[in-house]
>>> print(open('start-v2.json').read())   # JSON, C-alpha atoms
[["chain", "number", "residue", "atom", "x", "y", "z"],
["A", 1, "MET", "CA", 0.00, 0.00, 0.00],
["A", 2, "ASP", "CA", 2.90, 2.35, 0.71],
["A", 3, "ASN", "CA", 3.97, 2.26, -2.95],
["A", 4, "ALA", "CA", 0.47, 3.28, -4.04],
["A", 5, "PHE", "CA", 0.92, 6.60, -2.25],
["A", 6, "LYS", "CA", 3.69, 7.47, -4.70],
["A", 7, "ASP", "CA", 0.98, 8.02, -7.32],
["A", 8, "VAL", "CA", -0.87, 10.50, -5.11],
["A", 9, "PRO", "CA", 0.21, 14.16, -5.21],
["A", 10, "PRO", "CA", 0.65, 16.00, -1.91],
["A", 11, "THR", "CA", -1.98, 18.47, -3.11],
["A", 12, "THR", "CA", -4.60, 15.72, -3.20],
["A", 13, "LEU", "CA", -3.64, 14.47, 0.26],
["A", 14, "ALA", "CA", -3.66, 18.01, 1.62],
["A", 15, "ASP", "CA", -7.22, 18.49, 0.36],
["A", 16, "LEU", "CA", -8.27, 15.39, 2.29],
["A", 17, "LEU", "CA", -6.19, 15.70, 5.47],
["A", 18, "GLY", "CA", -6.09, 19.46, 6.08],
["A", 19, "ARG", "CA", -3.44, 21.88, 7.23],
["A", 20, "ALA", "CA", -2.42, 20.00, 10.37],
["A", 21, "GLN", "CA", -0.82, 17.20, 8.34],
["A", 22, "VAL", "CA", 1.11, 19.45, 5.95],
["A", 23, "MET", "CA", 4.67, 20.48, 6.82],
["A", 24, "ASP", "CA", 5.51, 24.16, 6.66],
["A", 25, "ILE", "CA", 6.99, 25.72, 3.54],
["A", 26, "GLY", "CA", 10.50, 25.94, 4.98],
["A", 27, "ILE", "CA", 11.18, 22.26, 4.33],
["A", 28, "ARG", "CA", 11.75, 21.96, 0.61],
["A", 29, "PRO", "CA", 13.41, 19.59, -1.86],
["A", 30, "LEU", "CA", 17.10, 20.53, -2.04],
["A", 31, "TRP", "CA", 17.28, 19.44, -5.68],
["A", 32, "ASN", "CA", 14.77, 18.53, -8.37],
["A", 33, "SER", "CA", 14.06, 15.09, -6.93],
["A", 34, "PRO", "CA", 11.12, 12.89, -7.88],
["A", 35, "ARG", "CA", 8.14, 12.36, -5.59],
["A", 36, "VAL", "CA", 8.86, 10.04, -2.69],
["A", 37, "ALA", "CA", 6.47, 8.10, -0.48],
["A", 38, "GLY", "CA", 7.04, 5.70, 2.36],
["A", 39, "PRO", "CA", 6.56, 4.94, 6.04],
["A", 40, "ALA", "CA", 8.22, 7.33, 8.45],
["A", 41, "TYR", "CA", 11.24, 6.23, 10.46],
["A", 42, "THR", "CA", 11.27, 8.94, 13.10],
["A", 43, "VAL", "CA", 14.37, 10.51, 14.62],
["A", 44, "ARG", "CA", 14.86, 13.17, 17.27],
["A", 45, "CYS", "CA", 18.31, 14.76, 17.51],
["A", 46, "GLU", "CA", 19.61, 17.12, 20.15],
["A", 47, "PRO", "CA", 20.49, 20.62, 18.89],
["A", 48, "GLY", "CA", 23.88, 20.68, 17.21],
["A", 49, "ASP", "CA", 24.24, 16.90, 17.24],
["A", 50, "ASN", "CA", 23.48, 14.37, 14.49],
["A", 51, "LEU", "CA", 24.28, 11.06, 16.23],
["A", 52, "MET", "CA", 20.75, 9.68, 16.08],
["A", 53, "LEU", "CA", 20.29, 10.34, 12.35],
["A", 54, "HIS", "CA", 23.60, 8.63, 11.65],
["A", 55, "ALA", "CA", 22.41, 5.68, 13.74],
["A", 56, "ALA", "CA", 19.06, 5.63, 11.94],
["A", 57, "ILE", "CA", 20.50, 4.84, 8.51],
["A", 58, "TYR", "CA", 21.51, 1.40, 9.82],
["A", 59, "ARG", "CA", 18.14, 0.73, 11.45],
["A", 60, "ALA", "CA", 15.50, 2.05, 9.04],
["A", 61, "GLU", "CA", 13.84, -0.54, 6.82],
["A", 62, "PRO", "CA", 14.28, -0.28, 3.03],
["A", 63, "GLY", "CA", 11.64, 2.05, 1.60],
["A", 64, "SER", "CA", 11.45, 4.15, 4.75],
["A", 65, "VAL", "CA", 11.50, 7.93, 4.76],
["A", 66, "ILE", "CA", 13.78, 9.03, 7.60],
["A", 67, "VAL", "CA", 12.08, 12.00, 9.26],
["A", 68, "VAL", "CA", 14.23, 14.12, 11.57],
["A", 69, "GLU", "CA", 13.53, 16.66, 14.30],
["A", 70, "SER", "CA", 16.86, 18.46, 14.63],
["A", 71, "GLY", "CA", 16.39, 21.40, 16.95],
["A", 72, "ASP", "CA", 18.64, 23.90, 15.14],
["A", 73, "LEU", "CA", 19.79, 25.30, 11.79],
["A", 74, "ASP", "CA", 23.45, 25.84, 12.72],
["A", 75, "TYR", "CA", 24.95, 22.42, 12.09],
["A", 76, "ALA", "CA", 24.54, 19.91, 9.27],
["A", 77, "MET", "CA", 22.66, 16.74, 10.11],
["A", 78, "ALA", "CA", 24.20, 14.70, 7.30],
["A", 79, "GLY", "CA", 26.55, 14.91, 4.34],
["A", 80, "GLY", "CA", 27.29, 13.10, 1.13],
["A", 81, "ASN", "CA", 28.57, 9.84, 2.60],
["A", 82, "VAL", "CA", 25.70, 9.44, 5.07],
["A", 83, "CYS", "CA", 23.20, 10.06, 2.28],
["A", 84, "ALA", "CA", 25.04, 7.61, 0.02],
["A", 85, "VAL", "CA", 24.98, 4.87, 2.65],
["A", 86, "ALA", "CA", 21.30, 5.52, 3.37],
["A", 87, "GLN", "CA", 20.57, 5.30, -0.35],
["A", 88, "ARG", "CA", 22.58, 2.08, -0.67],
["A", 89, "ARG", "CA", 20.64, 0.56, 2.23],
["A", 90, "GLY", "CA", 17.32, 1.35, 0.52],
["A", 91, "VAL", "CA", 16.18, 4.42, 2.43],
["A", 92, "ALA", "CA", 13.76, 6.34, 0.20],
["A", 93, "ALA", "CA", 14.58, 9.87, 1.38],
["A", 94, "PHE", "CA", 15.47, 12.19, 4.24],
["A", 95, "VAL", "CA", 12.97, 14.77, 5.49],
["A", 96, "VAL", "CA", 14.94, 16.96, 7.86],
["A", 97, "ASP", "CA", 13.72, 19.86, 9.96],
["A", 98, "GLY", "CA", 17.23, 21.24, 9.75],
["A", 99, "VAL", "CA", 20.13, 21.50, 7.31],
["A", 100, "ILE", "CA", 22.60, 19.22, 5.53],
["A", 101, "ARG", "CA", 25.88, 19.63, 3.65],
["A", 102, "ASP", "CA", 27.57, 18.24, 0.50],
["A", 103, "LEU", "CA", 24.51, 19.05, -1.57],
["A", 104, "GLY", "CA", 26.41, 18.59, -4.84],
["A", 105, "GLU", "CA", 27.26, 15.01, -3.91],
["A", 106, "VAL", "CA", 23.71, 14.31, -2.78],
["A", 107, "ARG", "CA", 22.24, 15.71, -5.98],
["A", 108, "GLU", "CA", 24.73, 13.78, -8.15],
["A", 109, "ALA", "CA", 23.85, 10.55, -6.33],
["A", 110, "GLY", "CA", 20.14, 11.21, -6.86],
["A", 111, "PHE", "CA", 19.20, 10.83, -3.20],
["A", 112, "PRO", "CA", 16.05, 12.82, -2.31],
["A", 113, "VAL", "CA", 16.54, 15.20, 0.61],
["A", 114, "PHE", "CA", 13.92, 17.62, 1.87],
["A", 115, "ALA", "CA", 15.32, 20.11, 4.39],
["A", 116, "ARG", "CA", 15.58, 23.78, 5.32],
["A", 117, "GLY", "CA", 18.86, 24.37, 3.53],
["A", 118, "VAL", "CA", 22.57, 23.70, 3.56],
["A", 119, "ILE", "CA", 25.47, 24.64, 5.80],
["A", 120, "PRO", "CA", 29.07, 23.40, 5.57],
["A", 121, "ILE", "CA", 29.76, 22.69, 9.24],
["A", 122, "PRO", "CA", 28.75, 19.30, 10.69],
["A", 123, "GLY", "CA", 27.15, 18.59, 14.02],
["A", 124, "THR", "CA", 28.73, 16.53, 16.79],
["A", 125, "LYS", "CA", 27.98, 12.88, 17.53],
["A", 126, "LYS", "CA", 27.85, 12.89, 21.32],
["A", 127, "LYS", "CA", 24.22, 13.24, 22.44],
["A", 128, "LEU", "CA", 21.43, 10.69, 22.59],
["A", 129, "GLY", "CA", 18.07, 11.69, 21.18],
["A", 130, "ALA", "CA", 15.41, 9.18, 20.19],
["A", 131, "LEU", "CA", 14.61, 6.68, 17.44],
["A", 132, "GLY", "CA", 11.15, 5.38, 16.64],
["A", 133, "GLU", "CA", 9.33, 7.89, 18.82],
["A", 134, "PRO", "CA", 7.03, 10.76, 17.74],
["A", 135, "ALA", "CA", 8.95, 13.67, 16.20],
["A", 136, "ARG", "CA", 7.73, 17.17, 15.39],
["A", 137, "VAL", "CA", 8.94, 18.01, 11.90],
["A", 138, "GLY", "CA", 7.83, 21.06, 9.95],
["A", 139, "GLY", "CA", 5.06, 21.62, 12.47],
["A", 140, "VAL", "CA", 3.60, 18.12, 12.05],
["A", 141, "LEU", "CA", 3.76, 15.50, 14.80],
["A", 142, "VAL", "CA", 4.98, 12.43, 12.91],
["A", 143, "HIS", "CA", 4.58, 8.95, 14.38],
["A", 144, "PRO", "CA", 6.52, 5.88, 13.29],
["A", 145, "GLY", "CA", 4.87, 4.27, 10.27],
["A", 146, "ASP", "CA", 2.91, 7.35, 9.20],
["A", 147, "ILE", "CA", 3.02, 7.67, 5.41],
["A", 148, "VAL", "CA", 5.14, 10.58, 4.18],
["A", 149, "VAL", "CA", 4.59, 11.88, 0.65],
["A", 150, "ALA", "CA", 6.93, 14.62, -0.55],
["A", 151, "ASP", "CA", 7.66, 16.43, -3.79],
["A", 152, "GLU", "CA", 8.06, 19.99, -5.07],
["A", 153, "GLU", "CA", 4.49, 20.80, -3.97],
["A", 154, "GLY", "CA", 5.21, 20.06, -0.31],
["A", 155, "ILE", "CA", 5.20, 17.31, 2.29],
["A", 156, "VAL", "CA", 2.07, 15.65, 3.68],
["A", 157, "VAL", "CA", 1.90, 13.08, 6.45],
["A", 158, "THR", "CA", -0.93, 10.51, 6.48],
["A", 159, "PRO", "CA", -1.49, 9.01, 9.94],
["A", 160, "LEU", "CA", -0.96, 5.25, 9.92],
["A", 161, "ALA", "CA", -4.45, 4.62, 11.30],
["A", 162, "ARG", "CA", -5.98, 6.55, 8.37],
["A", 163, "GLN", "CA", -3.79, 5.06, 5.66],
["A", 164, "ALA", "CA", -6.35, 2.83, 3.93],
["A", 165, "GLU", "CA", -9.25, 5.28, 3.99],
["A", 166, "THR", "CA", -7.06, 8.18, 2.86],
["A", 167, "LEU", "CA", -5.58, 6.23, -0.03],
["A", 168, "ALA", "CA", -9.02, 5.11, -1.22],
["A", 169, "ALA", "CA", -10.40, 8.66, -1.01],
["A", 170, "ALA", "CA", -7.37, 10.07, -2.80],
["A", 171, "GLN", "CA", -7.58, 7.55, -5.63],
["A", 172, "ALA", "CA", -11.30, 8.24, -6.06],
["A", 173, "LYS", "CA", -10.64, 11.97, -6.13],
["A", 174, "LEU", "CA", -7.94, 11.59, -8.77],
["A", 175, "VAL", "CA", -10.22, 9.46, -10.97],
["A", 176, "LYS", "CA", -13.02, 12.02, -10.72],
["A", 177, "GLU", "CA", -10.68, 14.88, -11.57],
["A", 178, "ALA", "CA", -9.25, 13.00, -14.55],
["A", 179, "GLU", "CA", -12.72, 12.44, -15.95],
["A", 180, "GLN", "CA", -13.73, 16.10, -15.65],
["A", 181, "SER", "CA", -12.92, 18.39, -18.57],
["A", 182, "LEU", "CA", -11.62, 21.90, -17.99],
["A", 183, "ASP", "CA", -14.92, 23.27, -19.38],
["A", 184, "HIS", "CA", -16.92, 21.37, -16.75],
["A", 185, "TRP", "CA", -14.47, 22.37, -14.03],
["A", 186, "GLU", "CA", -14.80, 26.01, -15.04],
["A", 187, "ASP", "CA", -18.61, 25.84, -14.99],
["A", 188, "ASP", "CA", -18.63, 24.30, -11.51],
["A", 189, "HIS", "CA", -15.98, 26.72, -10.28],
["A", 190, "ARG", "CA", -17.79, 29.78, -11.63],
["A", 191, "ALA", "CA", -21.01, 28.66, -9.92],
["A", 192, "ARG", "CA", -19.25, 28.08, -6.57],
["A", 193, "ILE", "CA", -17.53, 31.45, -6.69],
["A", 194, "ALA", "CA", -20.75, 33.26, -7.61],
["A", 195, "LYS", "CA", -22.55, 31.56, -4.72],
["A", 196, "ALA", "CA", -19.81, 32.45, -2.24],
["A", 197, "LEU", "CA", -19.77, 36.08, -3.38],
["A", 198, "SER", "CA", -23.56, 36.32, -3.15],
["A", 199, "GLU", "CA", -23.65, 34.82, 0.33],
["A", 200, "ASN", "CA", -21.19, 37.48, 1.45],
["A", 201, "GLY", "CA", -23.23, 40.30, -0.02],
["A", 202, "PHE", "CA", -21.05, 40.98, -3.04],
["A", 203, "THR", "CA", -23.33, 41.91, -5.93],
["A", 204, "ARG", "CA", -21.10, 43.39, -8.62]]
>>> encode(input="start-v2.json", output="structure tokens")
Amino acid sequence: MDNAFKDVPPTTLADLLGRAQVMDIGIRPLWNSPRVAGPAYTVRCEPGDNLMLHAAIYRAEPGSVIVVESGDLDYAMAGGNVCAVAQRRGVAAFVVDGVIRDLGEVREAGFPVFARGVIPIPGTKKKLGALGEPARVGGVLVHPGDIVVADEEGIVVTPLARQAETLAAAQAKLVKEAEQSLDHWEDDHRARIAKALSENGFTR
């Protein structure tokens, strides 16, 4: 079922799940990567320290999206080698509420990273955080196994308990939209806008 989410745009999921499940606009793709989708492997790091993310690449199951609460923007959470090892071990992507380094290497390797930016100085590896516990990333509380879908449109998190119903609703919505011509969409849209304006007393 996880793979099926790769065919669902974040915009569709956002329509169904609402603002609370959409990460803020600061976490963006750091290169023109394809859409990724997979179960969250959650990580919490202490500010300035990346030990737990580096540990996570050896523990996350293939296909996982490693989702990281970092606590600061002053030190890189990962670089080219860490991303390369994660990629080699089958990790689908990093979604980091923080920054990384070696972006050129990461882009050349084709490893999807969504983060707040880049910085050349690395964090330390001295402090324990948490693995496999809820993490707040981009304003969304992410639980292990939640489905993360990310592309250039943004990042949406589907709660694990709502996975089946959300996927079914999303697929139905996409089918309906594909069957509707632009002319029909425009007619419906014009009617909705006219109704909303009228209900608010706008008569021009």
>>> residues_around(input="start-v2.json", residues="Lys126 (chain A)", least_positions_apart="5", cutoff="9 Å", atoms="all atoms listed in the file", output="list in words")
Asp49, Asn50 and Leu51 of chain A
>>> closest_residue(input="start-v2.json", among="A:Ala56, A:Val140, A:Val85, A:Ala78", to="Ile25 (chain A)", atoms="all atoms listed in the file")
A:Val140
>>> atom_distance(input="start-v2.json", atom1="CA of Ala135 (chain A)", atom2="CA of Gly79 (chain A)")
21.3 Å
>>> residues_around(input="start-v2.json", residues="region 147-151 of chain A", least_positions_apart="3", cutoff="9 Å", atoms="all atoms listed in the file", output="PyMOL selection string")
chain A and resi 2+5-6+8-10+13+28-29+32-40+65+67+95+114+142+144+154-160+163
>>> closest_residue(input="start-v2.json", among="A:Gln87, A:Thr203, A:Asn81, A:Gln21", to="Ser64 (chain A)", atoms="all atoms listed in the file")
A:Gln87
>>> residues_near_point(input="start-v2.json", point="(19.8, 13.8, 20.7)", cutoff="8 Å", atoms="all atoms listed in the file", output="mmCIF file with C-alpha atoms, in the coordinates of the input")
data_model
loop_
_atom_site.group_PDB
_atom_site.id
_atom_site.type_symbol
_atom_site.label_atom_id
_atom_site.label_comp_id
_atom_site.auth_asym_id
_atom_site.auth_seq_id
_atom_site.Cartn_x
_atom_site.Cartn_y
_atom_site.Cartn_z
ATOM 1 C CA ARG A 44 14.860 13.170 17.270
ATOM 2 C CA CYS A 45 18.310 14.760 17.510
ATOM 3 C CA GLU A 46 19.610 17.120 20.150
ATOM 4 C CA PRO A 47 20.490 20.620 18.890
ATOM 5 C CA ASP A 49 24.240 16.900 17.240
ATOM 6 C CA ASN A 50 23.480 14.370 14.490
ATOM 7 C CA LEU A 51 24.280 11.060 16.230
ATOM 8 C CA MET A 52 20.750 9.680 16.080
ATOM 9 C CA LYS A 127 24.220 13.240 22.440
ATOM 10 C CA LEU A 128 21.430 10.690 22.590
ATOM 11 C CA GLY A 129 18.070 11.690 21.180
ATOM 12 C CA ALA A 130 15.410 9.180 20.190
#
>>> build_atoms(input="start-v2.json", residues="region 132-143 of chain A", atoms="all heavy atoms", output="PDB file, in the frame of the given file")
ATOM      1  N   GLY A 132      12.417   6.092  16.599  1.00  0.00           N
ATOM      2  CA  GLY A 132      11.150   5.380  16.640  1.00  0.00           C
ATOM      3  C   GLY A 132      10.149   5.937  17.637  1.00  0.00           C
ATOM      4  O   GLY A 132       9.259   5.214  18.093  1.00  0.00           O
ATOM      5  N   GLU A 133      10.292   7.210  17.969  1.00  0.00           N
ATOM      6  CA  GLU A 133       9.330   7.890  18.820  1.00  0.00           C
ATOM      7  C   GLU A 133       8.758   9.078  18.056  1.00  0.00           C
ATOM      8  O   GLU A 133       9.352   9.528  17.070  1.00  0.00           O
ATOM      9  CB  GLU A 133       9.990   8.371  20.119  1.00  0.00           C
ATOM     10  CG  GLU A 133      10.510   7.239  20.995  1.00  0.00           C
ATOM     11  CD  GLU A 133      11.122   7.741  22.290  1.00  0.00           C
ATOM     12  OE1 GLU A 133      11.017   8.958  22.563  1.00  0.00           O
ATOM     13  OE2 GLU A 133      11.713   6.919  23.015  1.00  0.00           O
ATOM     14  N   PRO A 134       7.593   9.616  18.468  1.00  0.00           N
ATOM     15  CA  PRO A 134       7.030  10.760  17.740  1.00  0.00           C
ATOM     16  C   PRO A 134       8.032  11.899  17.622  1.00  0.00           C
ATOM     17  O   PRO A 134       8.778  12.190  18.572  1.00  0.00           O
ATOM     18  CB  PRO A 134       5.817  11.149  18.582  1.00  0.00           C
ATOM     19  CG  PRO A 134       5.419   9.876  19.257  1.00  0.00           C
ATOM     20  CD  PRO A 134       6.706   9.168  19.564  1.00  0.00           C
ATOM     21  N   ALA A 135       8.055  12.543  16.462  1.00  0.00           N
ATOM     22  CA  ALA A 135       8.950  13.670  16.200  1.00  0.00           C
ATOM     23  C   ALA A 135       8.150  14.791  15.561  1.00  0.00           C
ATOM     24  O   ALA A 135       7.293  14.531  14.708  1.00  0.00           O
ATOM     25  CB  ALA A 135      10.092  13.237  15.292  1.00  0.00           C
ATOM     26  N   ARG A 136       8.429  16.024  15.983  1.00  0.00           N
ATOM     27  CA  ARG A 136       7.730  17.170  15.390  1.00  0.00           C
ATOM     28  C   ARG A 136       8.627  17.753  14.292  1.00  0.00           C
ATOM     29  O   ARG A 136       9.703  18.284  14.569  1.00  0.00           O
ATOM     30  CB  ARG A 136       7.403  18.231  16.433  1.00  0.00           C
ATOM     31  CG  ARG A 136       6.519  19.346  15.858  1.00  0.00           C
ATOM     32  CD  ARG A 136       5.858  20.178  16.940  1.00  0.00           C
ATOM     33  NE  ARG A 136       4.866  19.433  17.689  1.00  0.00           N
ATOM     34  CZ  ARG A 136       3.624  19.193  17.284  1.00  0.00           C
ATOM     35  NH1 ARG A 136       3.218  19.637  16.096  1.00  0.00           N
ATOM     36  NH2 ARG A 136       2.790  18.518  18.044  1.00  0.00           N
ATOM     37  N   VAL A 137       8.154  17.630  13.064  1.00  0.00           N
ATOM     38  CA  VAL A 137       8.940  18.010  11.900  1.00  0.00           C
ATOM     39  C   VAL A 137       8.100  18.917  11.008  1.00  0.00           C
ATOM     40  O   VAL A 137       7.014  18.532  10.570  1.00  0.00           O
ATOM     41  CB  VAL A 137       9.394  16.759  11.117  1.00  0.00           C
ATOM     42  CG1 VAL A 137      10.228  17.141   9.914  1.00  0.00           C
ATOM     43  CG2 VAL A 137      10.175  15.825  12.029  1.00  0.00           C
ATOM     44  N   GLY A 138       8.581  20.115  10.777  1.00  0.00           N
ATOM     45  CA  GLY A 138       7.830  21.060   9.950  1.00  0.00           C
ATOM     46  C   GLY A 138       6.466  21.375  10.497  1.00  0.00           C
ATOM     47  O   GLY A 138       5.539  21.681   9.753  1.00  0.00           O
ATOM     48  N   GLY A 139       6.331  21.312  11.835  1.00  0.00           N
ATOM     49  CA  GLY A 139       5.060  21.620  12.470  1.00  0.00           C
ATOM     50  C   GLY A 139       4.098  20.456  12.568  1.00  0.00           C
ATOM     51  O   GLY A 139       3.012  20.602  13.135  1.00  0.00           O
ATOM     52  N   VAL A 140       4.472  19.300  12.032  1.00  0.00           N
ATOM     53  CA  VAL A 140       3.600  18.120  12.050  1.00  0.00           C
ATOM     54  C   VAL A 140       4.174  17.095  13.040  1.00  0.00           C
ATOM     55  O   VAL A 140       5.374  16.793  12.991  1.00  0.00           O
ATOM     56  CB  VAL A 140       3.479  17.478  10.660  1.00  0.00           C
ATOM     57  CG1 VAL A 140       2.600  16.227  10.713  1.00  0.00           C
ATOM     58  CG2 VAL A 140       2.909  18.484   9.662  1.00  0.00           C
ATOM     59  N   LEU A 141       3.323  16.566  13.902  1.00  0.00           N
ATOM     60  CA  LEU A 141       3.760  15.500  14.800  1.00  0.00           C
ATOM     61  C   LEU A 141       3.699  14.186  14.016  1.00  0.00           C
ATOM     62  O   LEU A 141       2.620  13.706  13.677  1.00  0.00           O
ATOM     63  CB  LEU A 141       2.872  15.440  16.040  1.00  0.00           C
ATOM     64  CG  LEU A 141       3.332  14.457  17.119  1.00  0.00           C
ATOM     65  CD1 LEU A 141       4.710  14.857  17.648  1.00  0.00           C
ATOM     66  CD2 LEU A 141       2.323  14.396  18.262  1.00  0.00           C
ATOM     67  N   VAL A 142       4.871  13.627  13.735  1.00  0.00           N
ATOM     68  CA  VAL A 142       4.980  12.430  12.910  1.00  0.00           C
ATOM     69  C   VAL A 142       5.220  11.222  13.806  1.00  0.00           C
ATOM     70  O   VAL A 142       6.115  11.241  14.656  1.00  0.00           O
ATOM     71  CB  VAL A 142       6.132  12.551  11.892  1.00  0.00           C
ATOM     72  CG1 VAL A 142       6.159  11.344  10.958  1.00  0.00           C
ATOM     73  CG2 VAL A 142       6.010  13.847  11.097  1.00  0.00           C
ATOM     74  N   HIS A 143       4.422  10.184  13.622  1.00  0.00           N
ATOM     75  CA  HIS A 143       4.580   8.950  14.380  1.00  0.00           C
ATOM     76  C   HIS A 143       5.221   7.892  13.480  1.00  0.00           C
ATOM     77  O   HIS A 143       5.058   7.912  12.260  1.00  0.00           O
ATOM     78  CB  HIS A 143       3.219   8.446  14.874  1.00  0.00           C
ATOM     79  CG  HIS A 143       2.583   9.330  15.888  1.00  0.00           C
ATOM     80  ND1 HIS A 143       1.871  10.463  15.532  1.00  0.00           N
ATOM     81  CD2 HIS A 143       2.550   9.275  17.247  1.00  0.00           C
ATOM     82  CE1 HIS A 143       1.420  11.056  16.630  1.00  0.00           C
ATOM     83  NE2 HIS A 143       1.824  10.364  17.673  1.00  0.00           N
TER      84      HIS A 143
END
